[in-house]
Structures are given as C-alpha cells and as structure tokens.
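Just below is one structure, and these are the notes that go with it.
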Amino acid sequence: MDFQYLWYYNKTISAYLYNNMIQNKKIENIEELATLFSVLSDPTRLKLMRLLSEQQEPNALCVNALAYQLGVTQSAISQHLRLLKSAGLVKGERRGYRIHYFLNEAALIQAQKQISGALPIKEKKLRKRVQVK
C-alpha cells in the first residue's frame, strides 16, 4: 500500500469519527458503521484497548509503558493511539512531560449502543439457534 493512501485513509476515518462519535450522532449508514469496525479491527489496537481497560484513570499509562507491555515500538503505539483518540475512544492527560492514556468509557458505551442498534438480535431467534446447537 502507498503511504499517501494510508495517510488519507486514516485522515478520513478520523474526520468521520470526530463528526459521529464525539458529537454523539447516531450512525445510520452501514458504511459508516463499517468504518467504526475498521478502527477496531486491528489486533494491536484491540490489545491496546484491553490493556487500557485494565487501568484506572489515576493509573493511566504513557506511550513508553504501553509500548513495553505490548512489545511494539513507541511510534506504532503513538499512531494507534492517535487513531483511537480521534475516534474519541481514548483520552489523554498530560502529566509533566508525558501524556497518560485511558479509555473514554462514555464513548465506548455510545459505540456499543450504536452497534446494538444497527445489528439487533431478536431473542426468539437467538434461543432457537442456541437450542439447535
């Protein structure tokens, strides 16, 4: 893939997420929901979010600590955090020279509601599937 294409793709995702997640607009378009899934589709970002979910707000982690615990370079962690932060899923707080990151629980709850609203599961159908297996 071309670097300029990746830059444009990330910029497009960031702009979409800012407009829809931060401003709490309901996702109505399947393509927009797919963009949210693409942000969450990277295994490193999911590992990063899981690691951040284990932290409490006063004990947030900086890029160096996150990179060490995940075994990834600091620049890779910074790029993933930039995308997650632009989506509103992660917040940062400056502490001295470093920024410490933690999950934005309100945005995660909003994303869960949007996913549930776009992909409703009816209880009767779910029971039939469970009984068949």
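We name chains A, B, ... following the order of the structure tokens; residues begin at 1 in each chain, and ligands are numbered from 1 as shown.
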Test item: residues at most 12 Å from Ser53 (chain A), only C-alpha atoms, excluding those fewer than 6 positions along its chain, as an NGL selection string: :A and (46-47 or 59-61 or 89-91 or 101-105 or 108)
Counting only C-alpha atoms, which residues of region 60-108 of chain A fall within 9 Å of region 38-45 of chain A, and what is the closest atom pair for each with its distance in Å at one decimal, ordered by chain and rising number, as JSON lines?
```
{"residue": "A:Leu70", "atom": "CA", "partner": "A:Thr44", "partner_atom": "CA", "distance": 8.2}
{"residue": "A:Val72", "atom": "CA", "partner": "A:Thr44", "partner_atom": "CA", "distance": 8.6}
{"residue": "A:Ile77", "atom": "CA", "partner": "A:Arg45", "partner_atom": "CA", "distance": 8.4}
{"residue": "A:His80", "atom": "CA", "partner": "A:Arg45", "partner_atom": "CA", "distance": 6.1}
{"residue": "A:Leu81", "atom": "CA", "partner": "A:Arg45", "partner_atom": "CA", "distance": 7.9}
{"residue": "A:Leu83", "atom": "CA", "partner": "A:Val39", "partner_atom": "CA", "distance": 7.5}
{"residue": "A:Leu84", "atom": "CA", "partner": "A:Val39", "partner_atom": "CA", "distance": 7.4}
{"residue": "A:Ala87", "atom": "CA", "partner": "A:Val39", "partner_atom": "CA", "distance": 8.2}
```
Expected file contents, prior selection, N, CA and C atoms, as a short mmCIF file (atom, residue, chain, number, x, y, z; two decimals), in the first residue's frame:
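The new file selection.cif reads:
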```cif
data_model
loop_
_atom_site.label_atom_id
_atom_site.label_comp_id
_atom_site.auth_asym_id
_atom_site.auth_seq_id
_atom_site.Cartn_x
_atom_site.Cartn_y
_atom_site.Cartn_z
N LEU A 70 3.27 -4.14 25.39
CA LEU A 70 2.75 -4.80 24.19
C LEU A 70 3.86 -5.31 23.27
N VAL A 72 5.70 -3.50 21.22
CA VAL A 72 5.57 -2.79 19.95
C VAL A 72 6.37 -1.49 20.07
N ILE A 77 2.67 2.58 18.65
CA ILE A 77 1.68 2.84 19.70
C ILE A 77 1.11 4.25 19.53
N HIS A 80 -1.44 4.27 16.69
CA HIS A 80 -2.68 3.62 17.10
C HIS A 80 -3.46 4.51 18.08
N LEU A 81 -2.76 5.11 19.02
CA LEU A 81 -3.42 5.99 19.99
C LEU A 81 -4.01 7.21 19.30
N LEU A 83 -5.26 7.38 16.31
CA LEU A 83 -6.50 6.97 15.66
C LEU A 83 -7.60 6.72 16.68
N LEU A 84 -7.28 6.04 17.79
CA LEU A 84 -8.26 5.78 18.83
C LEU A 84 -8.70 7.07 19.52
N ALA A 87 -11.07 8.95 17.40
CA ALA A 87 -12.38 8.30 17.45
C ALA A 87 -13.10 8.62 18.76
#
```
Point-to-point distance in Å for CA of Ala65 (chain A) and CA of Tyr97 (chain A):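 Between CA of Tyr97 (chain A) and CA of Ala65 (chain A) the gap works out to 14.0 Å.
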